[in-house]
Protein chains: 2
Amino acid sequence: MKLIRPLVAKLQPYVPGEQPKISGLVKLNTNENPYPPAPAVLTAVKAAVDDRFRLYPNPVAQSLREKLARLHGCEPENIIAGNGSDELLAMLVRCFADPAPAGAQAKVPASAVVQFLRPCYSLYPVLVAIHGAAANAVPLGADFSLPRVAELRRGGEWNFKAALTFITTPNAPSGRGYASADLEAICQAQRGVVVLDEAYVDFARENALALALKYPNVIVARTFSKAYSLCFQRIGYCVGAKPLIEALHKIRDSYNVNGLGQVAAEATLENLPYYRANFKKIIATRERLTQKLGELGFETHPSQTNFILVRPPRFPAKQWLEKLREQKVLVRWFKDPAVTDFLRISIGSEAQADALLKAARRIMR
Amino acid sequence: MKLIRPLVAKLQPYVPGEQPKISGLVKLNTNENPYPPAPAVLTAVKAAVDDRFRLYPNPVAQSLREKLARLHGCEPENIIAGNGSDELLAMLVRCFADPAPAGAQAKVPASAVVQFLRPCYSLYPVLVAIHGAAANAVPLGADFSLPRVAELRRGGEWNFKAALTFITTPNAPSGRGYASADLEAICQAQRGVVVLDEAYVDFARENALALALKYPNVIVARTFSKAYSLCFQRIGYCVGAKPLIEALHKIRDSYNVNGLGQVAAEATLENLPYYRANFKKIIATRERLTQKLGELGFETHPSQTNFILVRPPRFPAKQWLEKLREQKVLVRWFKDPAVTDFLRISIGSEAQADALLKAARRIMR
């Protein structure tokens with residue numbers, strides 16, 4: 001008798017970007033924010049480090065959800081908070097997709113299909129495999145554009161009955177932004193749940209949050225990690241119709257959001273102007289870096305996120321990854337054939353962008 | 001087409017003990033520690049509230065696992081840390097048990113059976129239902145004693161091939177402790193994975209951690225919440241054979257343990273004498289409270305945890321729950337028929353125990 005499920009034994013786990021132990025590296029590999037949280041956030045967290053540690057945190061992050069509801073013009077029952085949006089993405093798969101029936105010949109029902117556009121956040125296929133559901137990956141356009149519904153209908157690969165559809169918007173790892181109208185057309189056409197994963201939306205021109213409050217089958221996922229400099233404390237959330245959110249709450253771990261994370265996220269919402277000023281700085285750095293890399297011969301794509309995807313000149317992307325690391329600059333490279341010729345570079349501070357450009361020039365010499 | 005899986009739609013979610021918003025209540029309902037964390041733990045956490053918030057925490061809690069490995073005489077690869085032990089219990093179900101095949105008449109294979117002794121931590125059956133596995137609940141003795149393997153073999157209800165068996169040891173909600181030799185006999189007899197859930201073991205006479213390092217099919221689950229006053233920051237861990245732990249890592253969320261939680265847990269391990277002194281105080285309060293409640297006519301059971309299960313005199317347990325609440329004392333009552341005549345009372349400080357006794361005397365007058 002096998003102790004470990006065959007499904008788990010054959011899993012290829014998700015490999016997160018390196019968190020280096022060596023200091024002094026220019027870390028542009030995991031889309032972290034170069035700017036620290038607002039000083040008032042750190043003060044609020046420090047003030048909460050006390051005897052309350054012995055007590056359980058609020059199990060539903062009530063106060064945080066109330067503040068988010070005010071921000072988004074909805075009710076707390078439209079919101080669920082998670083241990084980072086990664087936890088919520090995993091819960092979405094478990095909540096809305098069935099495991100596929102066993103046996104190689106078994107027909108896969110639409111209720112077990114989880115669909116996404118490739119390339120996308122590389123975690124989705126891993127989550128689908130963990131749950132034993134069936135993945136349906138459909139390619140984006142060559143310029144990472146979102147196919148129109150009419151094209152999807154023609155293509156035949158797309159499944160309009162898929163239990164769950166993930167759309168990373170703006171797209172990762174390309175950085176491409178999508179128009180809400182195009183997203184809305186897909187949401188209307190899908191019969192299952194559509195998740196708009198807006199992890200990077202604060203760096204984009206528009207967001208699609210309104211769709212989550214308009215349609216019974218749409219959920220928007222957000223995170224405090226990147227835009228709000230809170231990776232360390234793991235806070236994400238989903239917004240959607242109450243029946244969908246209620247279903248997610250049913251399968252949630254009882255106390256899934258740690259107490260100081262709740263405190264930090266609440267304080268963040270009291271200091272939004274600080275963060276909005278940072279978004280502007282990051283966007284300015286992004287535009288400058290895109291231009292400068294273009295001048296160096298990199299193929300660049302317009303980004304609406306805090307990273308850019310570039311096709312480097314002269315050497316293969318994987319060699320660039322290694323050469324940049326030798327220069328103490330960490331960027332990200334993916335095995336996924338759709339983007340294997342590219343590097344994904346997080347937008348750091350101005351000084352970090354300069355360090356990257358300097359290293360690139362040195363490599364090309 | 002249904003948006004929500006039928007399995008999820010019919011779930012009865014776990015209801016955690018109340019976290020009251022009113023202050024001034026004597027809170028003896030969720031087995032929290034009456035004593036705060038060691039001052040050095042709070043100092044260490046405060047010192048970590050800084051720019052690092054913008055970065056992801058260590059994805060595998062490496063430094064914490066190294067310290068735990070030294071404590072338990074094993075290697076970091078024998079350990080996985082979780083977002084509270086609740087997250088790990090849910091992962092154990094997903095990692096080691098298959099969902100049961102659909103259809104009422106379908107035969108349930110042993111690979112889909114999750115087994116536990118009743119009463120137990122009331123979360124297990126909820127986790128089994130969420131995963132769609134099959135629960136096999138077998139009653140403990142009337143005095144909450146663990147059946148011997150020979151009795152289990154006679155009884156016929158027990159499944160020696162179950163994919164996963166949970167044993168809460170010491171037992172919750174009864175507080176009864178178990179001999180490692182009896183636990184070992186069950187571990188040897190089971191062909192699937194056995195999880196010894198030692199959430200309360202620091203208040204017990206013996207622990208069974210050695211079994212997790214001796215047998216290929218045994219996992220011990222521990223938590224920092226209760227004994228180490230860290231409920232707020234959500235840290236639990238499992239110890240077991242490397243192949244089992246590796247399988248759990250494969251299905252783990254990438255950054256499942258928040259950064260300040262890692263800092264707090266590591267600092268806790270540097271301050272164990274402080275906590276051991278508290279265990280002694282709590283055990284002394286437990287023994288005194290057990291005796292005094294016995295004198296008032298409560299049926300008591302010897303406990304090896306930081307709570308006691310008592311059958312109250314005169315009124316039904318549920319009425320006692322309400323009457324105590326009127327007196328501003330919160331305790332826990334369960335619907336589970338196995339313990340519905342009982343109240344579970346967390347062991348608080350000496351003053352809290354006095355407040356409970358005073359309220360009980362007032363109710364009985």
# chains A, B, ... in the order shown; residues from 1 in each chain; ligands from 1
$ interface_residues --of "chain A" --to "chain B" --cutoff "7 Å" --atoms "only C-alpha atoms" --output "short mmCIF file (atom, residue, chain, number, x, y, z; two decimals) with C-alpha atoms, in the first residue's frame"
data_model
loop_
_atom_site.label_atom_id
_atom_site.label_comp_id
_atom_site.auth_asym_id
_atom_site.auth_seq_id
_atom_site.Cartn_x
_atom_site.Cartn_y
_atom_site.Cartn_z
CA LEU A 3 1.37 6.02 1.80
CA ILE A 4 1.39 8.98 -0.59
CA ARG A 5 -1.38 9.55 -3.15
CA VAL A 8 0.87 13.87 -5.14
CA ALA A 9 3.82 11.57 -5.86
CA PRO A 13 5.73 21.62 -7.33
CA PRO A 16 8.99 30.39 -6.35
CA GLN A 19 14.89 34.58 -1.97
CA GLU A 32 8.53 43.02 -4.82
CA ASN A 33 8.10 46.75 -4.25
CA PRO A 36 9.01 50.14 2.20
CA PRO A 37 5.51 50.27 3.71
CA LEU A 42 5.18 49.98 10.69
CA LYS A 46 4.75 47.68 16.37
CA VAL A 49 3.05 43.54 19.32
CA ASP A 50 1.77 42.77 22.82
CA ASP A 51 -0.21 40.40 25.01
CA PHE A 53 -0.40 37.38 20.66
CA ARG A 54 -1.83 34.74 23.00
CA LEU A 55 -5.33 35.18 21.50
CA TYR A 56 -6.65 34.03 18.14
CA PRO A 57 -6.97 36.76 15.51
CA ASN A 58 -10.37 37.66 14.14
CA ASP A 86 -1.87 32.44 -3.32
CA GLU A 87 -4.00 30.81 -0.61
CA CYS A 95 -14.18 25.49 -4.26
CA PHE A 96 -15.31 25.70 -7.87
CA ALA A 97 -13.72 22.79 -9.77
CA ASP A 98 -14.29 19.09 -9.23
CA ILE A 130 -2.66 19.39 -6.91
CA GLY A 192 -18.58 28.94 -14.95
CA VAL A 193 -16.68 31.17 -12.53
CA SER A 229 4.89 46.30 0.18
CA LEU A 230 3.44 43.61 2.43
CA CYS A 231 4.80 40.35 0.97
CA PHE A 232 6.20 39.47 4.39
CA GLN A 233 2.82 39.47 6.10
CA ARG A 234 0.73 37.56 3.54
CA ALA A 247 -18.73 29.25 -0.58
CA LYS A 250 -16.92 27.49 3.99
CA ILE A 251 -13.66 25.87 2.92
CA ASP A 253 -9.03 27.51 7.42
CA SER A 254 -10.60 28.86 10.62
CA ASN A 258 -2.50 36.17 10.89
CA GLY A 259 -3.22 38.96 13.35
#
$ select_by_dssp --residues "range 110-291 of chain B" --states "alpha helix (DSSP H)" --output "PDB file with N, CA and C atoms, in the first residue's frame"
ATOM      1  N   LEU B 123     -12.649  19.626  14.105  1.00  0.00           N
ATOM      2  CA  LEU B 123     -12.305  20.081  12.756  1.00  0.00           C
ATOM      3  C   LEU B 123     -12.131  18.915  11.775  1.00  0.00           C
ATOM      4  N   TYR B 124     -11.652  17.751  12.259  1.00  0.00           N
ATOM      5  CA  TYR B 124     -11.326  16.662  11.313  1.00  0.00           C
ATOM      6  C   TYR B 124     -12.483  16.317  10.372  1.00  0.00           C
ATOM      7  N   PRO B 125     -13.693  16.043  10.917  1.00  0.00           N
ATOM      8  CA  PRO B 125     -14.770  15.665   9.992  1.00  0.00           C
ATOM      9  C   PRO B 125     -15.082  16.760   8.968  1.00  0.00           C
ATOM     10  N   VAL B 126     -14.893  18.019   9.357  1.00  0.00           N
ATOM     11  CA  VAL B 126     -15.132  19.118   8.407  1.00  0.00           C
ATOM     12  C   VAL B 126     -14.105  19.061   7.277  1.00  0.00           C
ATOM     13  N   LEU B 127     -12.844  18.824   7.637  1.00  0.00           N
ATOM     14  CA  LEU B 127     -11.789  18.741   6.616  1.00  0.00           C
ATOM     15  C   LEU B 127     -12.039  17.576   5.662  1.00  0.00           C
ATOM     16  N   VAL B 128     -12.516  16.472   6.204  1.00  0.00           N
ATOM     17  CA  VAL B 128     -12.804  15.295   5.383  1.00  0.00           C
ATOM     18  C   VAL B 128     -13.936  15.610   4.410  1.00  0.00           C
ATOM     19  N   ALA B 129     -14.959  16.308   4.907  1.00  0.00           N
ATOM     20  CA  ALA B 129     -16.099  16.667   4.049  1.00  0.00           C
ATOM     21  C   ALA B 129     -15.664  17.633   2.953  1.00  0.00           C
ATOM     22  N   ILE B 130     -14.825  18.605   3.291  1.00  0.00           N
ATOM     23  CA  ILE B 130     -14.351  19.576   2.296  1.00  0.00           C
ATOM     24  C   ILE B 130     -13.616  18.855   1.171  1.00  0.00           C
ATOM     25  N   HIS B 131     -12.832  17.840   1.549  1.00  0.00           N
ATOM     26  CA  HIS B 131     -12.035  17.127   0.545  1.00  0.00           C
ATOM     27  C   HIS B 131     -12.865  16.097  -0.219  1.00  0.00           C
ATOM     28  N   VAL B 149      -5.397  -2.175  20.420  1.00  0.00           N
ATOM     29  CA  VAL B 149      -5.478  -2.711  19.063  1.00  0.00           C
ATOM     30  C   VAL B 149      -6.336  -3.982  19.028  1.00  0.00           C
ATOM     31  N   ALA B 150      -6.192  -4.816  20.060  1.00  0.00           N
ATOM     32  CA  ALA B 150      -6.977  -6.061  20.085  1.00  0.00           C
ATOM     33  C   ALA B 150      -8.475  -5.747  20.097  1.00  0.00           C
ATOM     34  N   GLU B 151      -8.873  -4.730  20.872  1.00  0.00           N
ATOM     35  CA  GLU B 151     -10.292  -4.324  20.901  1.00  0.00           C
ATOM     36  C   GLU B 151     -10.726  -3.788  19.543  1.00  0.00           C
ATOM     37  N   LEU B 152      -9.844  -2.982  18.931  1.00  0.00           N
ATOM     38  CA  LEU B 152     -10.181  -2.415  17.625  1.00  0.00           C
ATOM     39  C   LEU B 152     -10.408  -3.537  16.620  1.00  0.00           C
ATOM     40  N   ARG B 153      -9.572  -4.566  16.697  1.00  0.00           N
ATOM     41  CA  ARG B 153      -9.715  -5.693  15.772  1.00  0.00           C
ATOM     42  C   ARG B 153     -11.036  -6.416  16.018  1.00  0.00           C
ATOM     43  N   ARG B 154     -11.424  -6.518  17.288  1.00  0.00           N
ATOM     44  CA  ARG B 154     -12.689  -7.183  17.615  1.00  0.00           C
ATOM     45  C   ARG B 154     -13.879  -6.366  17.139  1.00  0.00           C
ATOM     46  N   GLY B 155     -13.772  -5.031  17.361  1.00  0.00           N
ATOM     47  CA  GLY B 155     -14.929  -4.152  17.123  1.00  0.00           C
ATOM     48  C   GLY B 155     -15.433  -4.182  15.692  1.00  0.00           C
ATOM     49  N   SER B 180       2.246   6.408  25.299  1.00  0.00           N
ATOM     50  CA  SER B 180       2.923   6.264  24.009  1.00  0.00           C
ATOM     51  C   SER B 180       2.907   4.819  23.525  1.00  0.00           C
ATOM     52  N   ALA B 181       2.984   3.883  24.453  1.00  0.00           N
ATOM     53  CA  ALA B 181       3.002   2.467  24.055  1.00  0.00           C
ATOM     54  C   ALA B 181       1.706   2.099  23.339  1.00  0.00           C
ATOM     55  N   ASP B 182       0.570   2.623  23.830  1.00  0.00           N
ATOM     56  CA  ASP B 182      -0.715   2.315  23.186  1.00  0.00           C
ATOM     57  C   ASP B 182      -0.810   2.981  21.807  1.00  0.00           C
ATOM     58  N   LEU B 183      -0.295   4.214  21.735  1.00  0.00           N
ATOM     59  CA  LEU B 183      -0.281   4.899  20.440  1.00  0.00           C
ATOM     60  C   LEU B 183       0.604   4.139  19.456  1.00  0.00           C
ATOM     61  N   GLU B 184       1.744   3.671  19.951  1.00  0.00           N
ATOM     62  CA  GLU B 184       2.681   2.960  19.082  1.00  0.00           C
ATOM     63  C   GLU B 184       2.050   1.695  18.501  1.00  0.00           C
ATOM     64  N   ALA B 185       1.274   1.010  19.321  1.00  0.00           N
ATOM     65  CA  ALA B 185       0.631  -0.222  18.835  1.00  0.00           C
ATOM     66  C   ALA B 185      -0.310   0.093  17.669  1.00  0.00           C
ATOM     67  N   ILE B 186      -1.035   1.208  17.775  1.00  0.00           N
ATOM     68  CA  ILE B 186      -1.928   1.591  16.665  1.00  0.00           C
ATOM     69  C   ILE B 186      -1.117   1.977  15.427  1.00  0.00           C
ATOM     70  N   CYS B 187      -0.046   2.733  15.645  1.00  0.00           N
ATOM     71  CA  CYS B 187       0.803   3.129  14.508  1.00  0.00           C
ATOM     72  C   CYS B 187       1.339   1.900  13.778  1.00  0.00           C
ATOM     73  N   GLN B 188       1.728   0.900  14.544  1.00  0.00           N
ATOM     74  CA  GLN B 188       2.271  -0.327  13.939  1.00  0.00           C
ATOM     75  C   GLN B 188       1.199  -1.092  13.170  1.00  0.00           C
ATOM     76  N   ALA B 189      -0.016  -1.058  13.700  1.00  0.00           N
ATOM     77  CA  ALA B 189      -1.089  -1.853  13.090  1.00  0.00           C
ATOM     78  C   ALA B 189      -1.663  -1.194  11.835  1.00  0.00           C
ATOM     79  N   LEU B 209       6.549  12.057  20.196  1.00  0.00           N
ATOM     80  CA  LEU B 209       7.286  12.559  19.036  1.00  0.00           C
ATOM     81  C   LEU B 209       8.244  11.518  18.457  1.00  0.00           C
ATOM     82  N   ALA B 210       8.797  10.704  19.348  1.00  0.00           N
ATOM     83  CA  ALA B 210       9.759   9.696  18.878  1.00  0.00           C
ATOM     84  C   ALA B 210       9.145   8.776  17.820  1.00  0.00           C
ATOM     85  N   LEU B 211       7.828   8.555  17.893  1.00  0.00           N
ATOM     86  CA  LEU B 211       7.191   7.653  16.921  1.00  0.00           C
ATOM     87  C   LEU B 211       7.272   8.217  15.500  1.00  0.00           C
ATOM     88  N   ALA B 212       7.225   9.553  15.394  1.00  0.00           N
ATOM     89  CA  ALA B 212       7.275  10.181  14.064  1.00  0.00           C
ATOM     90  C   ALA B 212       8.645   9.979  13.421  1.00  0.00           C
ATOM     91  N   LEU B 213       9.659   9.781  14.269  1.00  0.00           N
ATOM     92  CA  LEU B 213      11.016   9.606  13.736  1.00  0.00           C
ATOM     93  C   LEU B 213      11.381   8.124  13.633  1.00  0.00           C
ATOM     94  N   LYS B 214      10.489   7.272  14.140  1.00  0.00           N
ATOM     95  CA  LYS B 214      10.763   5.834  14.140  1.00  0.00           C
ATOM     96  C   LYS B 214      10.034   5.113  13.009  1.00  0.00           C
ATOM     97  N   LYS B 242      10.904  11.674   6.102  1.00  0.00           N
ATOM     98  CA  LYS B 242      11.154  12.623   5.015  1.00  0.00           C
ATOM     99  C   LYS B 242      10.224  12.463   3.804  1.00  0.00           C
ATOM    100  N   PRO B 243       9.920  11.237   3.349  1.00  0.00           N
ATOM    101  CA  PRO B 243       9.029  11.156   2.174  1.00  0.00           C
ATOM    102  C   PRO B 243       7.646  11.759   2.438  1.00  0.00           C
ATOM    103  N   LEU B 244       7.122  11.581   3.661  1.00  0.00           N
ATOM    104  CA  LEU B 244       5.812  12.152   3.977  1.00  0.00           C
ATOM    105  C   LEU B 244       5.890  13.680   4.013  1.00  0.00           C
ATOM    106  N   ILE B 245       6.949  14.195   4.624  1.00  0.00           N
ATOM    107  CA  ILE B 245       7.101  15.651   4.747  1.00  0.00           C
ATOM    108  C   ILE B 245       7.330  16.266   3.369  1.00  0.00           C
ATOM    109  N   GLU B 246       8.103  15.579   2.546  1.00  0.00           N
ATOM    110  CA  GLU B 246       8.345  16.077   1.189  1.00  0.00           C
ATOM    111  C   GLU B 246       7.035  16.163   0.397  1.00  0.00           C
ATOM    112  N   ALA B 247       6.188  15.171   0.580  1.00  0.00           N
ATOM    113  CA  ALA B 247       4.888  15.178  -0.119  1.00  0.00           C
ATOM    114  C   ALA B 247       4.057  16.374   0.338  1.00  0.00           C
ATOM    115  N   LEU B 248       4.087  16.670   1.631  1.00  0.00           N
ATOM    116  CA  LEU B 248       3.342  17.831   2.137  1.00  0.00           C
ATOM    117  C   LEU B 248       3.893  19.135   1.549  1.00  0.00           C
ATOM    118  N   HIS B 249       5.209  19.239   1.474  1.00  0.00           N
ATOM    119  CA  HIS B 249       5.808  20.452   0.890  1.00  0.00           C
ATOM    120  C   HIS B 249       5.320  20.670  -0.541  1.00  0.00           C
ATOM    121  N   LYS B 250       5.119  19.564  -1.285  1.00  0.00           N
ATOM    122  CA  LYS B 250       4.701  19.696  -2.679  1.00  0.00           C
ATOM    123  C   LYS B 250       3.349  20.388  -2.822  1.00  0.00           C
ATOM    124  N   GLY B 259       6.074  36.162   7.737  1.00  0.00           N
ATOM    125  CA  GLY B 259       7.422  36.468   8.204  1.00  0.00           C
ATOM    126  C   GLY B 259       7.529  36.726   9.702  1.00  0.00           C
ATOM    127  N   LEU B 260       6.651  37.566  10.254  1.00  0.00           N
ATOM    128  CA  LEU B 260       6.754  37.855  11.693  1.00  0.00           C
ATOM    129  C   LEU B 260       6.402  36.628  12.528  1.00  0.00           C
ATOM    130  N   GLY B 261       5.566  35.758  11.997  1.00  0.00           N
ATOM    131  CA  GLY B 261       5.289  34.497  12.680  1.00  0.00           C
ATOM    132  C   GLY B 261       6.548  33.648  12.787  1.00  0.00           C
ATOM    133  N   GLN B 262       7.324  33.618  11.709  1.00  0.00           N
ATOM    134  CA  GLN B 262       8.598  32.874  11.741  1.00  0.00           C
ATOM    135  C   GLN B 262       9.534  33.473  12.793  1.00  0.00           C
ATOM    136  N   VAL B 263       9.602  34.795  12.810  1.00  0.00           N
ATOM    137  CA  VAL B 263      10.464  35.471  13.787  1.00  0.00           C
ATOM    138  C   VAL B 263      10.007  35.134  15.212  1.00  0.00           C
ATOM    139  N   ALA B 264       8.700  35.210  15.438  1.00  0.00           N
ATOM    140  CA  ALA B 264       8.162  34.954  16.780  1.00  0.00           C
ATOM    141  C   ALA B 264       8.423  33.519  17.221  1.00  0.00           C
ATOM    142  N   ALA B 265       8.222  32.577  16.326  1.00  0.00           N
ATOM    143  CA  ALA B 265       8.415  31.169  16.685  1.00  0.00           C
ATOM    144  C   ALA B 265       9.888  30.883  16.982  1.00  0.00           C
ATOM    145  N   GLU B 266      10.770  31.477  16.176  1.00  0.00           N
ATOM    146  CA  GLU B 266      12.201  31.259  16.438  1.00  0.00           C
ATOM    147  C   GLU B 266      12.603  31.828  17.794  1.00  0.00           C
ATOM    148  N   ALA B 267      12.110  33.027  18.100  1.00  0.00           N
ATOM    149  CA  ALA B 267      12.441  33.628  19.393  1.00  0.00           C
ATOM    150  C   ALA B 267      11.856  32.803  20.539  1.00  0.00           C
ATOM    151  N   THR B 268      10.698  32.210  20.300  1.00  0.00           N
ATOM    152  CA  THR B 268      10.077  31.353  21.317  1.00  0.00           C
ATOM    153  C   THR B 268      11.005  30.207  21.697  1.00  0.00           C
ATOM    154  N   LEU B 269      11.620  29.609  20.683  1.00  0.00           N
ATOM    155  CA  LEU B 269      12.494  28.457  20.936  1.00  0.00           C
ATOM    156  C   LEU B 269      13.750  28.843  21.719  1.00  0.00           C
ATOM    157  N   LEU B 272      12.558  28.824  26.022  1.00  0.00           N
ATOM    158  CA  LEU B 272      11.703  27.739  26.496  1.00  0.00           C
ATOM    159  C   LEU B 272      11.526  27.695  28.022  1.00  0.00           C
ATOM    160  N   PRO B 273      12.550  28.046  28.813  1.00  0.00           N
ATOM    161  CA  PRO B 273      12.328  27.976  30.275  1.00  0.00           C
ATOM    162  C   PRO B 273      11.154  28.842  30.743  1.00  0.00           C
ATOM    163  N   TYR B 274      10.979  30.013  30.121  1.00  0.00           N
ATOM    164  CA  TYR B 274       9.846  30.878  30.474  1.00  0.00           C
ATOM    165  C   TYR B 274       8.524  30.127  30.294  1.00  0.00           C
ATOM    166  N   TYR B 275       8.408  29.435  29.147  1.00  0.00           N
ATOM    167  CA  TYR B 275       7.148  28.742  28.849  1.00  0.00           C
ATOM    168  C   TYR B 275       6.955  27.532  29.755  1.00  0.00           C
ATOM    169  N   ARG B 276       8.062  26.845  30.050  1.00  0.00           N
ATOM    170  CA  ARG B 276       7.938  25.653  30.912  1.00  0.00           C
ATOM    171  C   ARG B 276       7.463  26.035  32.299  1.00  0.00           C
ATOM    172  N   ALA B 277       7.884  27.206  32.757  1.00  0.00           N
ATOM    173  CA  ALA B 277       7.392  27.681  34.062  1.00  0.00           C
ATOM    174  C   ALA B 277       5.880  27.937  33.978  1.00  0.00           C
ATOM    175  N   ASN B 278       5.427  28.473  32.855  1.00  0.00           N
ATOM    176  CA  ASN B 278       3.985  28.698  32.681  1.00  0.00           C
ATOM    177  C   ASN B 278       3.205  27.385  32.628  1.00  0.00           C
ATOM    178  N   PHE B 279       3.779  26.359  31.972  1.00  0.00           N
ATOM    179  CA  PHE B 279       3.080  25.065  31.922  1.00  0.00           C
ATOM    180  C   PHE B 279       2.804  24.590  33.347  1.00  0.00           C
ATOM    181  N   LYS B 280       3.810  24.750  34.210  1.00  0.00           N
ATOM    182  CA  LYS B 280       3.638  24.302  35.606  1.00  0.00           C
ATOM    183  C   LYS B 280       2.516  25.056  36.293  1.00  0.00           C
ATOM    184  N   LYS B 281       2.467  26.377  36.051  1.00  0.00           N
ATOM    185  CA  LYS B 281       1.397  27.178  36.667  1.00  0.00           C
ATOM    186  C   LYS B 281       0.029  26.724  36.165  1.00  0.00           C
ATOM    187  N   ILE B 282      -0.057  26.507  34.862  1.00  0.00           N
ATOM    188  CA  ILE B 282      -1.351  26.126  34.272  1.00  0.00           C
ATOM    189  C   ILE B 282      -1.780  24.751  34.785  1.00  0.00           C
ATOM    190  N   ILE B 283      -0.817  23.847  34.912  1.00  0.00           N
ATOM    191  CA  ILE B 283      -1.147  22.507  35.424  1.00  0.00           C
ATOM    192  C   ILE B 283      -1.622  22.607  36.876  1.00  0.00           C
ATOM    193  N   ALA B 284      -0.986  23.465  37.657  1.00  0.00           N
ATOM    194  CA  ALA B 284      -1.402  23.633  39.062  1.00  0.00           C
ATOM    195  C   ALA B 284      -2.822  24.203  39.126  1.00  0.00           C
ATOM    196  N   THR B 285      -3.115  25.193  38.288  1.00  0.00           N
ATOM    197  CA  THR B 285      -4.468  25.768  38.244  1.00  0.00           C
ATOM    198  C   THR B 285      -5.474  24.703  37.812  1.00  0.00           C
ATOM    199  N   ARG B 286      -5.092  23.913  36.820  1.00  0.00           N
ATOM    200  CA  ARG B 286      -5.975  22.843  36.323  1.00  0.00           C
ATOM    201  C   ARG B 286      -6.341  21.870  37.436  1.00  0.00           C
ATOM    202  N   GLU B 287      -5.348  21.469  38.216  1.00  0.00           N
ATOM    203  CA  GLU B 287      -5.618  20.496  39.275  1.00  0.00           C
ATOM    204  C   GLU B 287      -6.515  21.100  40.349  1.00  0.00           C
ATOM    205  N   ARG B 288      -6.260  22.365  40.689  1.00  0.00           N
ATOM    206  CA  ARG B 288      -7.079  23.029  41.708  1.00  0.00           C
ATOM    207  C   ARG B 288      -8.515  23.192  41.208  1.00  0.00           C
ATOM    208  N   LEU B 289      -8.674  23.640  39.954  1.00  0.00           N
ATOM    209  CA  LEU B 289     -10.012  23.871  39.406  1.00  0.00           C
ATOM    210  C   LEU B 289     -10.790  22.557  39.316  1.00  0.00           C
ATOM    211  N   THR B 290     -10.096  21.502  38.893  1.00  0.00           N
ATOM    212  CA  THR B 290     -10.748  20.191  38.811  1.00  0.00           C
ATOM    213  C   THR B 290     -11.285  19.780  40.177  1.00  0.00           C
ATOM    214  N   GLN B 291     -10.460  19.973  41.199  1.00  0.00           N
ATOM    215  CA  GLN B 291     -10.877  19.574  42.547  1.00  0.00           C
ATOM    216  C   GLN B 291     -12.058  20.410  43.038  1.00  0.00           C
TER     217      GLN B 291
END
$ residues_around --residues "Gly348 in chain A" --least-positions-apart "2" --cutoff "7 Å" --atoms "only C-alpha atoms" --output "ChimeraX atom specification"
/A:28,33-34,346,350,352-353
$ write_last_selection --atoms "N, CA and C atoms" --output "mmCIF file, in the first residue's frame"
data_model
loop_
_atom_site.group_PDB
_atom_site.id
_atom_site.type_symbol
_atom_site.label_atom_id
_atom_site.label_comp_id
_atom_site.auth_asym_id
_atom_site.auth_seq_id
_atom_site.Cartn_x
_atom_site.Cartn_y
_atom_site.Cartn_z
ATOM 1 N N LEU A 28 15.594 41.731 -8.500
ATOM 2 C CA LEU A 28 14.528 42.127 -9.427
ATOM 3 C C LEU A 28 13.854 40.873 -9.983
ATOM 4 N N ASN A 33 8.097 45.294 -4.148
ATOM 5 C CA ASN A 33 8.097 46.749 -4.252
ATOM 6 C C ASN A 33 9.427 47.266 -3.709
ATOM 7 N N PRO A 34 10.105 48.182 -4.414
ATOM 8 C CA PRO A 34 11.384 48.669 -3.883
ATOM 9 C C PRO A 34 11.208 49.603 -2.679
ATOM 10 N N SER A 346 11.705 42.761 -12.559
ATOM 11 C CA SER A 346 10.870 43.570 -11.671
ATOM 12 C C SER A 346 11.363 45.010 -11.694
ATOM 13 N N GLU A 350 15.043 53.591 -8.823
ATOM 14 C CA GLU A 350 15.847 54.176 -9.899
ATOM 15 C C GLU A 350 17.278 53.631 -9.852
ATOM 16 N N GLN A 352 18.308 50.799 -8.641
ATOM 17 C CA GLN A 352 18.346 49.396 -9.067
ATOM 18 C C GLN A 352 18.254 49.291 -10.588
ATOM 19 N N ALA A 353 17.408 50.153 -11.192
ATOM 20 C CA ALA A 353 17.304 50.161 -12.656
ATOM 21 C C ALA A 353 18.656 50.532 -13.272
#
$ residues_around --residues "Trp333 in chain A" --least-positions-apart "6" --cutoff "12 Å" --atoms "only C-alpha atoms" --output "number ranges by chain"
A: 15-18, 28-30, 122, 173-174, 308-312, 316-322, 324-325, 339-346
$ atom_distance --atom1 "CA of Val26 in chain A" --atom2 "CA of Pro313 in chain A"
21.1 Å
$ select_by_dssp --residues "range 128-269 of chain A" --states "strand (DSSP E or B)" --output "number ranges by chain"
A: 134-139, 164-168, 193-197, 218-223, 235-240
$ residues_around --residues "Cys238 in chain B" --least-positions-apart "4" --cutoff "7 Å" --atoms "only C-alpha atoms" --output "PyMOL selection string"
chain B and resi 79-81+219-222
$ residues_around --residues "range 138-142 of chain B" --least-positions-apart "3" --cutoff "9 Å" --atoms "only C-alpha atoms" --output "list in words"
Gln115, Phe116, Leu117, Arg118, Pro119, Ser145, Leu146, Pro147, Glu157, Trp158 and Ala338 of chain B
$ decode --residues "range 174-178 of chain A" --atoms "C-alpha atoms" --output "short mmCIF file (atom, residue, chain, number, x, y, z; two decimals), in the first residue's frame"
data_model
loop_
_atom_site.label_atom_id
_atom_site.label_comp_id
_atom_site.auth_asym_id
_atom_site.auth_seq_id
_atom_site.Cartn_x
_atom_site.Cartn_y
_atom_site.Cartn_z
CA SER A 174 4.21 39.79 -20.04
CA GLY A 175 2.95 42.91 -18.25
CA ARG A 176 0.33 43.48 -20.93
CA GLY A 177 -2.82 45.27 -19.76
CA TYR A 178 -6.34 44.39 -20.89
#
